[in-house]
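So this block is coords-v2.cif, mmCIF, C-alpha atoms:
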data_data
#
loop_
_atom_site.label_atom_id
_atom_site.label_comp_id
_atom_site.auth_asym_id
_atom_site.auth_seq_id
_atom_site.Cartn_x
_atom_site.Cartn_y
_atom_site.Cartn_z
CA MET D 164 -144.13 11.56 -86.92
CA ASP D 165 -142.34 10.76 -90.19
CA VAL D 166 -140.04 7.78 -89.56
CA ARG D 167 -136.81 8.48 -91.44
CA PHE D 168 -133.25 7.18 -91.32
CA ASP D 169 -131.43 9.76 -93.44
CA LYS D 170 -127.62 9.62 -93.19
CA GLN D 171 -127.83 6.58 -90.90
CA VAL D 172 -126.06 3.31 -91.60
CA ALA D 173 -127.87 0.03 -90.97
CA ILE D 174 -126.65 -3.57 -90.97
CA VAL D 175 -129.32 -6.21 -91.58
CA THR D 176 -128.25 -9.84 -91.29
CA GLY D 177 -129.95 -12.54 -93.30
CA ALA D 178 -131.16 -9.82 -95.66
CA GLY D 179 -131.15 -11.74 -98.94
CA ASN D 180 -134.66 -13.10 -98.52
CA GLY D 181 -137.84 -12.86 -96.48
CA LEU D 182 -137.94 -10.58 -93.46
CA GLY D 183 -134.33 -9.43 -93.77
CA ARG D 184 -134.85 -8.37 -97.37
CA SER D 185 -138.01 -6.53 -96.39
CA HIS D 186 -136.19 -4.77 -93.52
CA ALA D 187 -133.28 -3.75 -95.76
CA LEU D 188 -135.50 -2.36 -98.53
CA ALA D 189 -137.68 -0.41 -96.11
CA LEU D 190 -134.69 1.13 -94.34
CA ALA D 191 -133.23 2.16 -97.71
CA GLN D 192 -136.55 3.62 -98.84
CA ARG D 193 -136.51 5.79 -95.74
CA GLY D 194 -133.01 7.10 -96.27
CA ALA D 195 -130.64 4.61 -94.62
CA ARG D 196 -127.47 3.28 -96.18
CA VAL D 197 -127.67 -0.47 -95.78
CA VAL D 198 -125.25 -3.35 -95.39
CA VAL D 199 -127.12 -6.30 -96.86
CA ASN D 200 -125.68 -9.35 -95.14
CA ASP D 201 -126.52 -12.83 -96.33
CA LEU D 202 -124.51 -16.03 -96.36
CA GLY D 203 -126.87 -17.26 -99.06
CA GLY D 204 -127.34 -20.70 -97.55
CA ALA D 205 -130.38 -22.93 -97.52
CA ARG D 206 -132.98 -22.81 -94.78
CA ASP D 207 -131.04 -25.43 -92.80
CA GLY D 208 -127.83 -23.41 -93.05
CA SER D 209 -126.13 -25.50 -95.72
CA GLY D 210 -124.44 -23.98 -98.75
CA ALA D 211 -123.56 -20.37 -99.54
CA SER D 212 -124.13 -17.87 -102.35
CA SER D 213 -123.72 -14.10 -102.59
CA GLN D 214 -126.39 -13.68 -105.27
CA ALA D 215 -129.36 -13.03 -102.95
CA ALA D 216 -127.55 -10.18 -101.17
CA LEU D 217 -126.36 -8.72 -104.49
CA ASP D 218 -129.92 -8.77 -105.82
CA VAL D 219 -131.17 -6.77 -102.82
CA VAL D 220 -128.33 -4.26 -103.23
CA ALA D 221 -129.34 -3.86 -106.88
CA GLU D 222 -132.95 -3.18 -105.84
CA ILE D 223 -131.79 -0.52 -103.39
CA GLU D 224 -129.56 1.12 -105.97
CA VAL D 225 -132.39 1.22 -108.51
CA MET D 226 -134.46 3.22 -106.02
CA GLY D 227 -131.55 5.65 -105.63
CA GLY D 228 -130.22 4.31 -102.33
CA GLU D 229 -126.80 3.19 -101.17
CA ALA D 230 -126.04 -0.38 -100.16
CA LEU D 231 -123.21 -2.84 -99.65
CA ALA D 232 -123.46 -6.64 -99.91
CA HIS D 233 -121.51 -8.85 -97.53
CA GLY D 234 -121.63 -12.64 -97.21
CA ALA D 235 -120.41 -12.97 -93.62
CA ASN D 236 -121.42 -16.07 -91.73
CA VAL D 237 -122.67 -14.42 -88.54
CA ALA D 238 -121.45 -17.40 -86.51
CA VAL D 239 -117.83 -16.60 -87.52
CA MET D 240 -116.55 -13.52 -85.71
CA ALA D 241 -113.71 -12.77 -88.14
CA GLU D 242 -116.19 -12.55 -91.03
CA VAL D 243 -118.50 -10.31 -88.99
CA GLU D 244 -115.61 -8.01 -88.09
CA ASP D 245 -114.71 -7.73 -91.78
CA MET D 246 -118.31 -6.78 -92.59
CA VAL D 247 -118.37 -4.03 -89.97
CA ALA D 248 -114.93 -2.80 -91.06
CA GLN D 249 -116.19 -2.45 -94.64
CA ALA D 250 -119.22 -0.48 -93.45
CA MET D 251 -116.99 1.83 -91.40
CA GLU D 252 -114.56 2.31 -94.30
CA LYS D 253 -117.39 3.17 -96.68
CA TRP D 254 -119.64 5.28 -94.43
CA GLY D 255 -117.79 5.92 -91.15
CA ARG D 256 -120.49 4.86 -88.70
CA VAL D 257 -123.05 2.19 -87.82
CA ASP D 258 -126.36 3.36 -86.34
CA ILE D 259 -128.62 0.33 -86.66
CA LEU D 260 -128.15 -3.42 -86.38
CA ILE D 261 -130.97 -5.87 -87.04
CA ASN D 262 -129.96 -9.39 -86.01
CA ASN D 263 -132.23 -11.32 -88.35
CA ALA D 264 -130.11 -14.18 -89.73
CA GLY D 265 -131.32 -17.64 -88.80
CA ILE D 266 -131.65 -21.28 -89.76
CA LEU D 267 -133.92 -24.18 -88.82
CA ARG D 268 -133.05 -27.76 -87.91
CA ASP D 269 -136.43 -28.89 -86.60
CA LYS D 270 -136.79 -32.30 -84.93
CA THR D 271 -138.13 -33.55 -81.64
CA PHE D 272 -135.50 -33.43 -78.92
CA ALA D 273 -135.44 -37.25 -78.80
CA LYS D 274 -134.39 -37.38 -82.46
CA MET D 275 -132.23 -34.25 -82.58
CA SER D 276 -128.44 -34.53 -82.70
CA LEU D 277 -126.40 -32.25 -80.48
CA ASP D 278 -124.71 -30.95 -83.63
CA ASP D 279 -128.07 -29.70 -84.92
CA PHE D 280 -128.84 -28.16 -81.54
CA LYS D 281 -125.48 -26.39 -81.39
CA LEU D 282 -125.60 -25.12 -84.97
CA VAL D 283 -128.95 -23.41 -84.44
CA MET D 284 -127.66 -21.87 -81.20
CA ASP D 285 -124.49 -20.72 -82.98
CA VAL D 286 -126.38 -18.92 -85.75
CA HIS D 287 -129.25 -17.39 -83.77
CA LEU D 288 -127.57 -16.68 -80.43
CA MET D 289 -123.86 -16.41 -81.16
CA GLY D 290 -124.60 -14.76 -84.51
CA SER D 291 -126.47 -12.04 -82.62
CA VAL D 292 -123.68 -11.84 -80.03
CA ASN D 293 -120.95 -11.58 -82.68
CA CYS D 294 -122.68 -8.87 -84.69
CA THR D 295 -123.60 -6.90 -81.60
CA LYS D 296 -120.07 -7.14 -80.18
CA ALA D 297 -118.63 -5.91 -83.49
CA VAL D 298 -120.73 -2.71 -83.42
CA TRP D 299 -121.05 -2.17 -79.66
CA ASP D 300 -118.01 0.07 -79.12
CA ILE D 301 -118.76 2.00 -82.31
CA MET D 302 -122.26 2.80 -81.09
CA ARG D 303 -121.09 3.65 -77.58
CA GLU D 304 -118.39 6.00 -78.87
CA GLN D 305 -120.78 7.84 -81.20
CA GLU D 306 -123.38 7.80 -78.37
CA TYR D 307 -126.09 6.45 -80.61
CA GLY D 308 -127.23 2.99 -81.58
CA ARG D 309 -130.37 0.94 -82.17
CA ILE D 310 -130.10 -2.85 -82.02
CA VAL D 311 -132.93 -5.27 -82.78
CA MET D 312 -132.81 -8.92 -81.77
CA THR D 313 -135.16 -11.34 -83.49
CA THR D 314 -136.93 -13.54 -80.99
CA SER D 315 -139.90 -15.87 -81.54
CA SER D 316 -143.08 -17.16 -79.97
CA SER D 317 -141.31 -20.54 -80.13
CA GLY D 318 -138.86 -19.27 -77.55
CA MET D 319 -141.29 -17.38 -75.37
CA TYR D 320 -144.04 -19.99 -75.35
CA GLY D 321 -142.54 -23.19 -76.83
CA ASN D 322 -143.21 -25.04 -80.09
CA PHE D 323 -143.14 -28.78 -80.69
CA GLY D 324 -139.98 -29.88 -82.52
CA GLN D 325 -138.08 -26.64 -81.96
CA SER D 326 -136.15 -27.09 -78.72
CA ASN D 327 -132.95 -25.74 -80.34
CA TYR D 328 -134.64 -22.78 -82.02
CA GLY D 329 -136.74 -22.02 -78.94
CA ALA D 330 -133.69 -22.09 -76.66
CA ALA D 331 -131.82 -19.68 -78.92
CA LYS D 332 -134.76 -17.32 -79.30
CA MET D 333 -135.30 -17.11 -75.55
CA ALA D 334 -131.57 -16.59 -75.01
CA VAL D 335 -131.49 -13.44 -77.15
CA LEU D 336 -134.07 -11.91 -74.78
CA GLY D 337 -131.75 -12.35 -71.81
CA PHE D 338 -129.00 -10.80 -73.95
CA MET D 339 -131.29 -7.88 -74.85
CA ASN D 340 -132.33 -7.22 -71.26
CA THR D 341 -128.77 -6.80 -70.03
CA LEU D 342 -127.49 -4.87 -73.05
CA GLY D 343 -130.40 -2.46 -72.73
CA LEU D 344 -129.20 -1.63 -69.22
CA GLU D 345 -125.54 -1.38 -70.20
CA GLY D 346 -126.20 0.71 -73.30
CA ALA D 347 -128.64 3.20 -71.80
CA LYS D 348 -126.04 5.73 -70.66
CA LYS D 349 -124.63 5.94 -74.20
CA ASN D 350 -128.03 6.11 -75.96
CA VAL D 351 -127.76 2.56 -77.30
CA ARG D 352 -131.23 1.03 -77.17
CA VAL D 353 -131.82 -2.68 -77.59
CA ASN D 354 -135.17 -4.30 -78.37
CA ALA D 355 -136.55 -7.54 -79.75
CA LEU D 356 -138.95 -8.32 -82.59
CA ALA D 357 -141.12 -11.45 -82.44
CA PRO D 358 -142.32 -11.91 -86.03
CA THR D 359 -144.91 -14.08 -87.68
CA ALA D 360 -144.44 -13.87 -91.44
CA ALA D 361 -144.52 -15.91 -94.62
CA THR D 362 -140.85 -16.67 -95.24
CA ARG D 363 -138.68 -19.66 -96.09
CA MET D 364 -138.78 -20.46 -92.37
CA THR D 365 -142.59 -20.76 -92.26
CA GLU D 366 -143.59 -21.88 -95.75
CA ASP D 367 -144.03 -25.53 -94.71
CA LEU D 368 -145.90 -24.77 -91.50
CA MET D 369 -149.09 -23.09 -92.75
CA PRO D 370 -151.59 -23.33 -95.63
CA GLU D 371 -151.18 -20.87 -98.52
CA GLU D 372 -154.30 -18.84 -97.74
CA LEU D 373 -152.92 -18.04 -94.28
CA LEU D 374 -149.40 -17.39 -95.53
CA ALA D 375 -150.83 -14.73 -97.86
CA LEU D 376 -151.91 -12.71 -94.80
CA LEU D 377 -148.46 -12.90 -93.22
CA SER D 378 -146.58 -10.38 -95.30
CA PRO D 379 -142.98 -9.58 -94.30
CA GLU D 380 -143.79 -5.91 -94.84
CA SER D 381 -146.26 -5.87 -91.95
CA VAL D 382 -143.52 -7.16 -89.64
CA THR D 383 -140.98 -4.72 -91.03
CA ALA D 384 -143.22 -1.80 -90.05
CA GLY D 385 -142.73 -2.88 -86.45
CA ALA D 386 -139.00 -3.42 -86.91
CA LEU D 387 -138.57 0.16 -88.12
CA VAL D 388 -140.17 1.46 -84.93
CA LEU D 389 -137.51 -0.42 -82.94
CA CYS D 390 -134.76 1.03 -85.18
CA HIS D 391 -135.92 4.63 -84.92
CA GLU D 392 -134.39 7.31 -82.72
CA SER D 393 -137.66 7.36 -80.72
CA ALA D 394 -137.45 3.61 -80.02
CA PRO D 395 -138.00 2.28 -76.51
CA SER D 396 -135.48 -0.10 -74.97
CA ARG D 397 -135.78 -3.66 -73.65
CA HIS D 398 -139.19 -4.20 -75.23
CA ILE D 399 -140.51 -7.20 -77.16
CA LEU D 400 -142.71 -6.21 -80.10
CA CYS D 401 -144.76 -9.02 -81.60
CA ALA D 402 -145.91 -8.49 -85.19
CA GLY D 403 -147.70 -10.46 -87.89
CA ALA D 404 -150.64 -10.32 -90.32
CA GLY D 405 -151.28 -6.71 -89.35
CA GLY D 406 -151.40 -7.49 -85.63
CA TYR D 407 -149.05 -5.80 -83.15
CA ALA D 408 -148.63 -6.63 -79.47
CA SER D 409 -146.10 -6.28 -76.69
CA SER D 410 -144.86 -9.24 -74.68
CA ARG D 411 -143.23 -8.92 -71.27
CA ILE D 412 -142.11 -11.30 -68.55
CA PHE D 413 -144.12 -10.80 -65.37
CA GLU D 414 -143.52 -12.17 -61.89
CA THR D 415 -146.30 -12.84 -59.40
CA GLU D 416 -146.30 -11.02 -56.07
CA GLY D 417 -145.75 -14.32 -54.30
CA VAL D 418 -145.75 -15.04 -50.57
CA PHE D 419 -143.31 -15.00 -47.65
CA LEU D 420 -142.86 -18.12 -45.52
CA PRO D 421 -141.00 -17.97 -42.18
CA ALA D 422 -137.99 -20.25 -41.67
CA ASP D 423 -139.95 -23.01 -39.93
CA GLN D 424 -142.39 -23.18 -42.89
CA GLN D 425 -139.90 -23.19 -45.77
CA THR D 426 -140.63 -26.79 -46.76
CA PRO D 427 -141.92 -28.37 -49.96
CA GLU D 428 -145.15 -29.31 -48.17
CA VAL D 429 -145.93 -25.72 -47.13
CA ILE D 430 -144.97 -24.39 -50.56
CA LEU D 431 -147.46 -26.82 -52.13
CA ALA D 432 -150.10 -25.80 -49.63
CA ASN D 433 -149.60 -22.15 -50.67
CA TRP D 434 -149.41 -22.85 -54.40
CA ASP D 435 -152.55 -20.91 -55.31
CA ALA D 436 -151.25 -17.79 -53.55
CA ILE D 437 -147.78 -18.19 -55.05
CA THR D 438 -149.15 -18.43 -58.58
CA SER D 439 -151.92 -15.82 -58.25
CA THR D 440 -151.56 -13.16 -60.94
CA GLU D 441 -153.08 -10.44 -58.75
CA GLY D 442 -150.49 -7.71 -58.30
CA GLN D 443 -147.99 -9.28 -60.70
CA ARG D 444 -145.53 -6.91 -62.38
CA PRO D 445 -142.53 -6.88 -64.71
CA MET D 446 -139.08 -6.69 -63.12
CA GLU D 447 -136.87 -3.93 -64.50
CA THR D 448 -133.66 -5.71 -63.41
CA GLY D 449 -132.78 -9.05 -61.83
CA GLY D 450 -132.02 -7.27 -58.57
CA LYS D 451 -135.65 -6.16 -58.25
CA GLN D 452 -136.64 -9.75 -57.48
CA SER D 453 -134.17 -9.85 -54.58
CA GLU D 454 -135.50 -6.48 -53.37
CA LYS D 455 -139.06 -7.84 -53.38
CA PHE D 456 -138.23 -11.00 -51.47
CA LEU D 457 -136.00 -9.22 -48.94
CA GLY D 458 -138.71 -6.59 -48.49
CA LYS D 459 -141.22 -9.30 -47.61
CA ALA D 460 -138.76 -10.85 -45.16
CA MET D 461 -138.07 -7.49 -43.48
CA GLU D 462 -141.80 -6.80 -43.16
CA ALA D 463 -142.26 -10.16 -41.46
CA LEU D 464 -139.38 -9.48 -39.05
CA GLN D 465 -140.73 -6.05 -38.15
CA ALA D 466 -144.19 -7.50 -37.54
CA LYS D 467 -142.87 -9.77 -34.81
#

Could the structure of this file be written out as structure tokens, please?
Amino acid sequence: MDVRFDKQVAIVTGAGNGLGRSHALALAQRGARVVVNDLGGARDGSGASSQAALDVVAEIEVMGGEALAHGANVAVMAEVEDMVAQAMEKWGRVDILINNAGILRDKTFAKMSLDDFKLVMDVHLMGSVNCTKAVWDIMREQEYGRIVMTTSSSGMYGNFGQSNYGAAKMAVLGFMNTLGLEGAKKNVRVNALAPTAATRMTEDLMPEELLALLSPESVTAGALVLCHESAPSRHILCAGAGGYASSRIFETEGVFLPADQQTPEVILANWDAITSTEGQRPMETGGKQSEKFLGKAMEALQAK
């Protein structure tokens, strides 16, 4: 299958550098018209400059594509709405949104200020919420949309010194799971990308010989799958250094305890059975957990 985006309009946030730039260029190369969003700030979110976004637009135009630069701060809804309005005025639709913009304020939780925690949450989580909200009705009305959240192994598995970043990156997965359900009827599919790449965000974390393996382009190949009309929904695609994997949240089968045994002591005594991975499965909705537990309870009642 030839993955193309002809006549589609894509918004990529944080597209002036690194992964966002790679995503924007690849979408343009495959036919999309691209809104290149970048506040142009430093890695910690300070400062602003439109030059990085303008440079990416120039690259797209040189290759014969169409692009628009916008310096919206994704944490400010009015600026996001202006960005989407400009895209609609210029091209009349929005088909793809990649929520890629992010900052880092790494410190151990003991040393981290609440301001630094909140700022990272505002950019990663509320930035994704704002941009998604601004395009949601457009996509629903045209009955087509592909939205990509950017999550991280730091959120799914934890990473020392990144409690703020990890919290935000796990939060976007909860956002994705519900939006995927709500958008399904209108052909709006929502997925998440968990990248490992050599960018401004990772340049201090790894030696140069390893960074050379972590090209943004290898991650972008996965992002384009999640943007395509054939994309799944509510999936987490992990990508980096040429490796691709899927991550899902599984729940163990668990046990049922009758009312007279629902005590901490009995739960501890059954811990091995509760945590056994045999028969574990992903839950398609939150209600499936309730169905499982109530099913076990009903089975126990009927057995009496």

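The neighbours of segment 418-420 of chain D here are the residues that come within 8 Å of it, using all atoms listed in the file and leaving out any residue fewer than 2 positions away in the same chain; they are Glu416, Ala422, Asp423, Gln424, Gln425, Ala436, Ile437, Phe456, Lys459, Ala460 and Ala463 of chain D.
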
Using only C-alpha atoms, which residue out of D:Asp165, D:Asp258, D:Asp285, D:Glu252 lies closest to Arg196 of chain D?
D:Asp258

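In this model, the gap between atom CA of Glu345 of chain D and atom CA of Val311 of chain D comes to 15.1 Å.
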
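Note that the spacing between atom CA of Pro379 of chain D and atom CA of Gly403 of chain D amounts to 8.0 Å.
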
Selection under test: the PyMOL selection byres ((chain D and resi 263) around 8); residues as number ranges by chain:
D: 175-178, 182-183, 261-262, 264-265, 312-313

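Distance annotation: of D:Glu454, D:Thr314, D:Val429, D:Glu380, the residue with the minimal separation from Gly181 of chain D is D:Glu380; atom set is only C-alpha atoms.
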
Closest to Cys294 of chain D among D:Asn236, D:Ser396, D:Ser317, D:Gln452, using all atoms listed in the file?
D:Asn236

Take the PyMOL selection byres ((chain D and resi 344) around 12), apply it to the structure above, and return the hits as a PyMOL selection string.
chain D and resi 337-343+345-354+396-398+447-449

Just to be explicit: take each residue in the selection above, keep C-alpha atoms, and write the result as a PDB file, keeping the file's coordinate frame.
ATOM      1  CA  GLY D 337    -131.750 -12.350 -71.810  1.00  0.00           C
ATOM      2  CA  PHE D 338    -129.000 -10.800 -73.950  1.00  0.00           C
ATOM      3  CA  MET D 339    -131.290  -7.880 -74.850  1.00  0.00           C
ATOM      4  CA  ASN D 340    -132.330  -7.220 -71.260  1.00  0.00           C
ATOM      5  CA  THR D 341    -128.770  -6.800 -70.030  1.00  0.00           C
ATOM      6  CA  LEU D 342    -127.490  -4.870 -73.050  1.00  0.00           C
ATOM      7  CA  GLY D 343    -130.400  -2.460 -72.730  1.00  0.00           C
ATOM      8  CA  GLU D 345    -125.540  -1.380 -70.200  1.00  0.00           C
ATOM      9  CA  GLY D 346    -126.200   0.710 -73.300  1.00  0.00           C
ATOM     10  CA  ALA D 347    -128.640   3.200 -71.800  1.00  0.00           C
ATOM     11  CA  LYS D 348    -126.040   5.730 -70.660  1.00  0.00           C
ATOM     12  CA  LYS D 349    -124.630   5.940 -74.200  1.00  0.00           C
ATOM     13  CA  ASN D 350    -128.030   6.110 -75.960  1.00  0.00           C
ATOM     14  CA  VAL D 351    -127.760   2.560 -77.300  1.00  0.00           C
ATOM     15  CA  ARG D 352    -131.230   1.030 -77.170  1.00  0.00           C
ATOM     16  CA  VAL D 353    -131.820  -2.680 -77.590  1.00  0.00           C
ATOM     17  CA  ASN D 354    -135.170  -4.300 -78.370  1.00  0.00           C
ATOM     18  CA  SER D 396    -135.480  -0.100 -74.970  1.00  0.00           C
ATOM     19  CA  ARG D 397    -135.780  -3.660 -73.650  1.00  0.00           C
ATOM     20  CA  HIS D 398    -139.190  -4.200 -75.230  1.00  0.00           C
ATOM     21  CA  GLU D 447    -136.870  -3.930 -64.500  1.00  0.00           C
ATOM     22  CA  THR D 448    -133.660  -5.710 -63.410  1.00  0.00           C
ATOM     23  CA  GLY D 449    -132.780  -9.050 -61.830  1.00  0.00           C
TER      24      GLY D 449
END

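Each of D:Met275, D:Ile174, D:Glu462, D:Thr426 was compared to Ser291 of chain D using all atoms listed in the file, and D:Ile174 turns out to be the nearest.
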
Out of D:Ala191, D:Ser393, D:Ser185, D:Ser378, which residue has the shortest atom-to-atom distance to Val225 of chain D when counting all atoms listed in the file?
D:Ala191

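Between atom CA of Thr438 of chain D and atom CA of Glu414 of chain D the interatomic distance comes to 9.0 Å.
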